[in-house]
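Step one of this worksheet: look at the structure below.
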Amino acid sequence: MRTAHSDRVLPMANESAAAKRPHSLSVVVPVYRGERSLKAVVEELFAQRERFEAHTPPIELKEIILVHDCGPDGSDEVMRQLSRENSIVKNVWLARNSGQHAATLAGMASSSGDWIVTVDEDGQHDPAAIPGMLQCALREKADLVYGRPVNPPPHSATRNLASRLTKKVFLPILTGGKVQYFSSFRLVLGEMGRSLAAFASNDVYLDVALSWVTRSAATHDVTLREESRKTSGYSTRSLTSHFMRLVLSAGTRPLRIASVLGGGSFVTGLVIAGAVAVRKIWYGFDVVGWASMFSLLLIIGGFILLVLGIIAEYVGLLVRTAIGRPLYVITNDRADGPLYRD
């Protein structure tokens, strides 16, 4: 009887111990132009440690992973200094500039926490929101939680409009409704992030790729802060490149959408041609409207060129993947290598 009683109590004790065990957290920060802002971001994370530990459930700030994406400023020196000052700051060095998504995946691959949080280097994301994001994940049983801003991002009106259009219109279409919202402030299960980093290929769009491995995603309201730097790290060209990566990461769905639109255009053309023929036979008037015909040809021709352009992008992606171009390459700190040896 005593043995049976012990068997009943032991699982309850194990469950209680598991509930009190802290959730270890890896914070990944891709660094491109963080010379002036990075130190404040890391110090703010350290300032939240006691609040994390007192949270229910408790959170252990296990590591802060800074990924150097070979920017044009002195971010590397700041990273070295922060790593020397605290042992939980770990630096990851990329061989060349690979872009924010590749740098984030490199940081995920180097992480070891139960959860991974990705934050920007410019101070927009408030670390105080992280416990709320974890609570949301546990409450919703979500593998992935995005910080959804309740205030407009501190960017130009044109950029904010393009961002809203992409997230509300293009994203649900391109992902089949699996992803309704995304941002660079995200909390994801550590094993999910590391597994994704192991097989993600060239030119992948991180948030689309996350939809492949996560079962459910949720959002948590956050407040964005002003960037600590005066100019954005993204040009119009780089933002356009981000959008094209989003399109290509959606697989063959854009081609299927183009096929549906092409089929609809063909059927519409047949209907209009039939209507013109019937009116010509019944009413006998001359068919006019060369200007509208020319405009229609321009629209159809532009649509064909658009589809061909999408196909060409897919071919280019396949070529880059086939020849073995890596998404990123992790190296040692160049300052300790032969190039800078006295």
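A note on labels: chains of the structure tokens are A, B, ... as shown, every chain counts residues from 1, and ligands are counted from 1 in their shown order.
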Could I get the residues of stretch 92-144 of chain A with an atom no further than 12 Å from an atom of stretch 76-88 of chain A, each paired with its nearest atom pair and that distance in Å to one decimal, using only C-alpha atoms, sorted by chain and residue number, as a Markdown table?
```
| residue | atom | partner | partner_atom | distance |
| --- | --- | --- | --- | --- |
| A:Val92 | CA | A:Met79 | CA | 9.5 |
| A:Trp93 | CA | A:Asp76 | CA | 8.9 |
| A:Leu94 | CA | A:Asp76 | CA | 11.1 |
| A:Ser111 | CA | A:Ile88 | CA | 11.4 |
| A:Ser112 | CA | A:Ile88 | CA | 11.7 |
| A:Gly113 | CA | A:Ile88 | CA | 11.9 |
| A:Glu121 | CA | A:Met79 | CA | 11.6 |
```
(request) Pick out each residue of stretch 9-229 of chain A that DSSP on the backbone tags as helix (DSSP H, G or I); I need them as a PyMOL selection string. (result) chain A and resi 9-20+38-47+49-54+75-85+100-109+127-140+157-174+190-199+206-213
Got time to write the residues from that selection, C-alpha atoms, as an mmCIF file, in the first residue's frame?
```
data_model
loop_
_atom_site.group_PDB
_atom_site.id
_atom_site.type_symbol
_atom_site.label_atom_id
_atom_site.label_comp_id
_atom_site.auth_asym_id
_atom_site.auth_seq_id
_atom_site.Cartn_x
_atom_site.Cartn_y
_atom_site.Cartn_z
ATOM 1 C CA VAL A 9 2.429 11.089 -5.172
ATOM 2 C CA LEU A 10 5.640 10.979 -7.196
ATOM 3 C CA PRO A 11 4.154 12.191 -10.535
ATOM 4 C CA MET A 12 2.490 15.101 -8.736
ATOM 5 C CA ALA A 13 5.807 16.079 -7.204
ATOM 6 C CA ASN A 14 7.479 15.836 -10.599
ATOM 7 C CA GLU A 15 4.764 18.011 -12.165
ATOM 8 C CA SER A 16 5.191 20.613 -9.423
ATOM 9 C CA ALA A 17 8.955 20.669 -9.928
ATOM 10 C CA ALA A 18 8.506 20.997 -13.697
ATOM 11 C CA ALA A 19 6.107 23.903 -13.222
ATOM 12 C CA LYS A 20 8.663 25.758 -11.093
ATOM 13 C CA LEU A 38 23.646 47.805 -29.419
ATOM 14 C CA LYS A 39 25.108 48.471 -25.978
ATOM 15 C CA ALA A 40 21.868 50.052 -24.759
ATOM 16 C CA VAL A 41 19.850 47.087 -26.069
ATOM 17 C CA VAL A 42 22.042 44.578 -24.201
ATOM 18 C CA GLU A 43 22.082 46.637 -21.007
ATOM 19 C CA GLU A 44 18.298 46.859 -21.097
ATOM 20 C CA LEU A 45 18.075 43.071 -21.385
ATOM 21 C CA PHE A 46 20.330 42.736 -18.342
ATOM 22 C CA ALA A 47 18.138 45.221 -16.465
ATOM 23 C CA ARG A 49 16.804 39.802 -15.555
ATOM 24 C CA GLU A 50 15.355 40.165 -12.059
ATOM 25 C CA ARG A 51 11.901 40.816 -13.505
ATOM 26 C CA PHE A 52 12.261 37.731 -15.698
ATOM 27 C CA GLU A 53 13.254 35.560 -12.733
ATOM 28 C CA ALA A 54 10.339 36.836 -10.612
ATOM 29 C CA SER A 75 29.580 47.154 -34.346
ATOM 30 C CA ASP A 76 32.219 44.440 -34.090
ATOM 31 C CA GLU A 77 34.204 46.365 -31.469
ATOM 32 C CA VAL A 78 31.043 46.936 -29.416
ATOM 33 C CA MET A 79 30.260 43.216 -29.612
ATOM 34 C CA ARG A 80 33.732 42.266 -28.388
ATOM 35 C CA GLN A 81 33.465 44.668 -25.472
ATOM 36 C CA LEU A 82 30.032 43.360 -24.443
ATOM 37 C CA SER A 83 31.251 39.764 -24.649
ATOM 38 C CA ARG A 84 34.237 40.537 -22.427
ATOM 39 C CA GLU A 85 32.044 42.229 -19.838
ATOM 40 C CA GLN A 100 18.756 40.064 -41.501
ATOM 41 C CA HIS A 101 16.891 36.792 -42.001
ATOM 42 C CA ALA A 102 20.053 34.755 -42.603
ATOM 43 C CA ALA A 103 21.747 36.395 -39.612
ATOM 44 C CA THR A 104 18.733 35.599 -37.444
ATOM 45 C CA LEU A 105 18.811 31.953 -38.540
ATOM 46 C CA ALA A 106 22.541 31.804 -37.769
ATOM 47 C CA GLY A 107 21.773 33.035 -34.252
ATOM 48 C CA MET A 108 18.973 30.483 -33.862
ATOM 49 C CA ALA A 109 21.338 27.698 -34.932
ATOM 50 C CA PRO A 127 12.382 43.611 -23.584
ATOM 51 C CA ALA A 128 9.718 44.221 -20.942
ATOM 52 C CA ALA A 129 7.195 42.700 -23.379
ATOM 53 C CA ILE A 130 8.949 39.307 -23.442
ATOM 54 C CA PRO A 131 7.196 37.847 -20.344
ATOM 55 C CA GLY A 132 3.829 38.764 -21.854
ATOM 56 C CA MET A 133 4.779 37.029 -25.104
ATOM 57 C CA LEU A 134 5.698 33.882 -23.155
ATOM 58 C CA GLN A 135 2.415 34.011 -21.254
ATOM 59 C CA CYS A 136 0.607 34.299 -24.600
ATOM 60 C CA ALA A 137 2.489 31.253 -25.958
ATOM 61 C CA LEU A 138 1.605 29.165 -22.895
ATOM 62 C CA ARG A 139 -2.006 30.340 -22.840
ATOM 63 C CA GLU A 140 -2.605 29.775 -26.557
ATOM 64 C CA ALA A 157 3.930 56.917 -44.396
ATOM 65 C CA THR A 158 4.809 55.198 -47.677
ATOM 66 C CA ARG A 159 6.781 52.443 -45.965
ATOM 67 C CA ASN A 160 4.079 51.879 -43.348
ATOM 68 C CA LEU A 161 1.426 51.668 -46.094
ATOM 69 C CA ALA A 162 3.481 49.125 -48.059
ATOM 70 C CA SER A 163 4.054 47.101 -44.876
ATOM 71 C CA ARG A 164 0.340 47.025 -44.015
ATOM 72 C CA LEU A 165 -0.549 46.053 -47.586
ATOM 73 C CA THR A 166 1.975 43.212 -47.557
ATOM 74 C CA LYS A 167 0.843 41.844 -44.186
ATOM 75 C CA LYS A 168 -2.915 42.140 -44.757
ATOM 76 C CA VAL A 169 -3.173 41.249 -48.453
ATOM 77 C CA PHE A 170 -0.123 39.473 -49.843
ATOM 78 C CA LEU A 171 0.936 37.460 -46.788
ATOM 79 C CA PRO A 172 -2.348 35.527 -46.297
ATOM 80 C CA ILE A 173 -2.565 34.858 -50.049
ATOM 81 C CA LEU A 174 1.027 33.713 -50.437
ATOM 82 C CA GLY A 190 13.956 26.788 -29.329
ATOM 83 C CA GLU A 191 13.754 23.344 -30.921
ATOM 84 C CA MET A 192 11.616 24.747 -33.738
ATOM 85 C CA GLY A 193 14.036 27.582 -34.461
ATOM 86 C CA ARG A 194 17.101 25.338 -34.398
ATOM 87 C CA SER A 195 15.448 22.711 -36.603
ATOM 88 C CA LEU A 196 14.483 25.373 -39.120
ATOM 89 C CA ALA A 197 18.019 26.784 -39.167
ATOM 90 C CA ALA A 198 19.344 23.301 -39.964
ATOM 91 C CA PHE A 199 17.509 22.949 -43.281
ATOM 92 C CA LEU A 206 12.194 33.525 -42.285
ATOM 93 C CA ASP A 207 8.559 34.060 -41.322
ATOM 94 C CA VAL A 208 7.237 31.985 -44.216
ATOM 95 C CA ALA A 209 9.706 29.235 -43.282
ATOM 96 C CA LEU A 210 8.517 29.368 -39.661
ATOM 97 C CA SER A 211 4.996 28.624 -40.886
ATOM 98 C CA TRP A 212 6.333 25.326 -42.283
ATOM 99 C CA VAL A 213 7.438 23.961 -38.909
#
```
(request) Find the spatial neighbours of stretch 25-37 of chain A, counting only C-alpha atoms, within a cut-off of 8 Å - ignore same-chain residues fewer than 5 positions away - and output them as a ChimeraX atom specification. (result) /A:59-76,78,100,103-104,107-108,111-123,228-229,233
Can you write just those residues out, N, CA and C atoms, as a tab-separated table (two decimals), in the first residue's frame?
```
chain	number	residue	atom	x	y	z
A	59	ILE	N	11.63	33.06	-15.80
A	59	ILE	CA	12.38	33.06	-17.05
A	59	ILE	C	13.86	33.26	-16.74
A	60	GLU	N	14.68	32.39	-17.28
A	60	GLU	CA	16.12	32.51	-17.12
A	60	GLU	C	16.74	33.06	-18.41
A	61	LEU	N	17.34	34.24	-18.30
A	61	LEU	CA	18.04	34.81	-19.45
A	61	LEU	C	19.34	34.04	-19.63
A	62	LYS	N	19.31	33.02	-20.48
A	62	LYS	CA	20.43	32.10	-20.59
A	62	LYS	C	21.57	32.66	-21.42
A	63	GLU	N	21.24	33.35	-22.51
A	63	GLU	CA	22.28	33.85	-23.40
A	63	GLU	C	21.73	34.96	-24.29
A	64	ILE	N	22.62	35.87	-24.64
A	64	ILE	CA	22.32	36.92	-25.61
A	64	ILE	C	23.27	36.70	-26.78
A	65	ILE	N	22.73	36.34	-27.92
A	65	ILE	CA	23.54	35.99	-29.09
A	65	ILE	C	23.53	37.15	-30.06
A	66	LEU	N	24.69	37.75	-30.24
A	66	LEU	CA	24.85	38.87	-31.17
A	66	LEU	C	25.47	38.34	-32.46
A	67	VAL	N	24.77	38.53	-33.57
A	67	VAL	CA	25.23	38.00	-34.85
A	67	VAL	C	25.74	39.15	-35.71
A	68	HIS	N	27.04	39.16	-35.96
A	68	HIS	CA	27.65	40.24	-36.74
A	68	HIS	C	27.42	39.99	-38.23
A	69	ASP	N	26.65	40.87	-38.86
A	69	ASP	CA	26.30	40.72	-40.28
A	69	ASP	C	27.17	41.60	-41.17
A	70	CYS	N	28.38	41.88	-40.69
A	70	CYS	CA	29.39	42.59	-41.50
A	70	CYS	C	28.89	43.95	-41.98
A	71	GLY	N	28.41	44.75	-41.03
A	71	GLY	CA	27.97	46.10	-41.36
A	71	GLY	C	29.12	47.06	-41.56
A	72	PRO	N	28.82	48.29	-41.99
A	72	PRO	CA	29.87	49.25	-42.33
A	72	PRO	C	30.41	50.05	-41.15
A	73	ASP	N	29.90	49.82	-39.94
A	73	ASP	CA	30.33	50.64	-38.80
A	73	ASP	C	31.17	49.81	-37.84
A	74	GLY	N	31.35	50.30	-36.62
A	74	GLY	CA	32.18	49.62	-35.63
A	74	GLY	C	31.41	48.71	-34.70
A	75	SER	N	30.37	48.05	-35.18
A	75	SER	CA	29.58	47.15	-34.35
A	75	SER	C	30.41	46.02	-33.79
A	76	ASP	N	31.41	45.57	-34.54
A	76	ASP	CA	32.22	44.44	-34.09
A	76	ASP	C	32.97	44.76	-32.81
A	78	VAL	N	32.03	46.90	-30.49
A	78	VAL	CA	31.04	46.94	-29.42
A	78	VAL	C	30.70	45.51	-28.98
A	100	GLN	N	19.31	40.22	-42.85
A	100	GLN	CA	18.76	40.06	-41.50
A	100	GLN	C	18.21	38.66	-41.26
A	103	ALA	N	21.06	36.16	-40.88
A	103	ALA	CA	21.75	36.40	-39.61
A	103	ALA	C	20.91	35.89	-38.44
A	104	THR	N	19.61	36.08	-38.51
A	104	THR	CA	18.73	35.60	-37.44
A	104	THR	C	18.76	34.08	-37.37
A	107	GLY	N	21.89	32.92	-35.70
A	107	GLY	CA	21.77	33.03	-34.25
A	107	GLY	C	20.91	31.93	-33.66
A	108	MET	N	19.82	31.58	-34.34
A	108	MET	CA	18.97	30.48	-33.86
A	108	MET	C	19.76	29.18	-33.83
A	111	SER	N	21.86	28.83	-30.73
A	111	SER	CA	21.18	29.00	-29.45
A	111	SER	C	21.02	27.66	-28.74
A	112	SER	N	20.64	27.73	-27.45
A	112	SER	CA	20.43	26.51	-26.66
A	112	SER	C	19.27	26.63	-25.69
A	113	GLY	N	18.52	27.72	-25.72
A	113	GLY	CA	17.45	27.94	-24.76
A	113	GLY	C	16.16	27.22	-25.12
A	114	ASP	N	15.25	27.13	-24.13
A	114	ASP	CA	13.92	26.56	-24.40
A	114	ASP	C	13.16	27.41	-25.40
A	115	TRP	N	13.37	28.72	-25.31
A	115	TRP	CA	12.71	29.67	-26.20
A	115	TRP	C	13.75	30.58	-26.84
A	116	ILE	N	13.43	31.06	-28.03
A	116	ILE	CA	14.28	32.02	-28.73
A	116	ILE	C	13.46	33.28	-28.97
A	117	VAL	N	14.02	34.41	-28.58
A	117	VAL	CA	13.41	35.71	-28.87
A	117	VAL	C	14.34	36.44	-29.82
A	118	THR	N	13.77	37.01	-30.89
A	118	THR	CA	14.57	37.80	-31.82
A	118	THR	C	14.17	39.27	-31.67
A	119	VAL	N	15.16	40.12	-31.50
A	119	VAL	CA	14.93	41.55	-31.36
A	119	VAL	C	15.86	42.30	-32.29
A	120	ASP	N	15.45	43.51	-32.67
A	120	ASP	CA	16.27	44.35	-33.53
A	120	ASP	C	17.34	45.06	-32.72
A	121	GLU	N	18.35	45.52	-33.40
A	121	GLU	CA	19.48	46.20	-32.77
A	121	GLU	C	19.22	47.67	-32.51
A	122	ASP	N	18.11	48.22	-33.03
A	122	ASP	CA	17.91	49.66	-33.00
A	122	ASP	C	17.12	50.14	-31.79
A	123	GLY	N	16.76	49.24	-30.87
A	123	GLY	CA	16.06	49.65	-29.66
A	123	GLY	C	14.57	49.81	-29.80
A	228	SER	N	16.84	54.23	-32.27
A	228	SER	CA	17.92	55.02	-31.68
A	228	SER	C	18.79	55.69	-32.73
A	229	ARG	N	18.72	55.19	-33.97
A	229	ARG	CA	19.50	55.82	-35.04
A	229	ARG	C	18.58	56.66	-35.91
A	233	GLY	N	18.05	51.23	-41.58
A	233	GLY	CA	19.05	50.39	-42.20
A	233	GLY	C	18.57	49.76	-43.51
```
(request) May I ask which of the residues A:Leu297, A:Ala335, A:Leu224, A:Leu327 is the closest one to A:Ala200, counting only C-alpha atoms? (result) A:Leu327
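Coordinates place atom CA of A:Tyr283 at a distance of 28.2 Å from atom CA of A:Gly264.
Each of A:Ser183, A:Gln48, A:Asn202, A:Asn97 was compared to A:Val222 using only C-alpha atoms, and A:Ser183 turns out to be the nearest.
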(request) Can you list, as JSON, numbers by chain, all residues belonging to stretch 8-216 of chain A that DSSP tags as strand (DSSP E or B)? (result) {"A": [23, 24, 25, 26, 27, 28, 29, 30, 31, 59, 60, 61, 62, 63, 64, 65, 66, 67, 68, 89, 90, 91, 92, 93, 94, 115, 116, 117, 118, 144, 145, 146, 147, 148, 149, 186, 187, 188, 189]}
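Counting from atom CA of A:Val188, the distance to atom CA of A:Ser24 is 12.2 Å.
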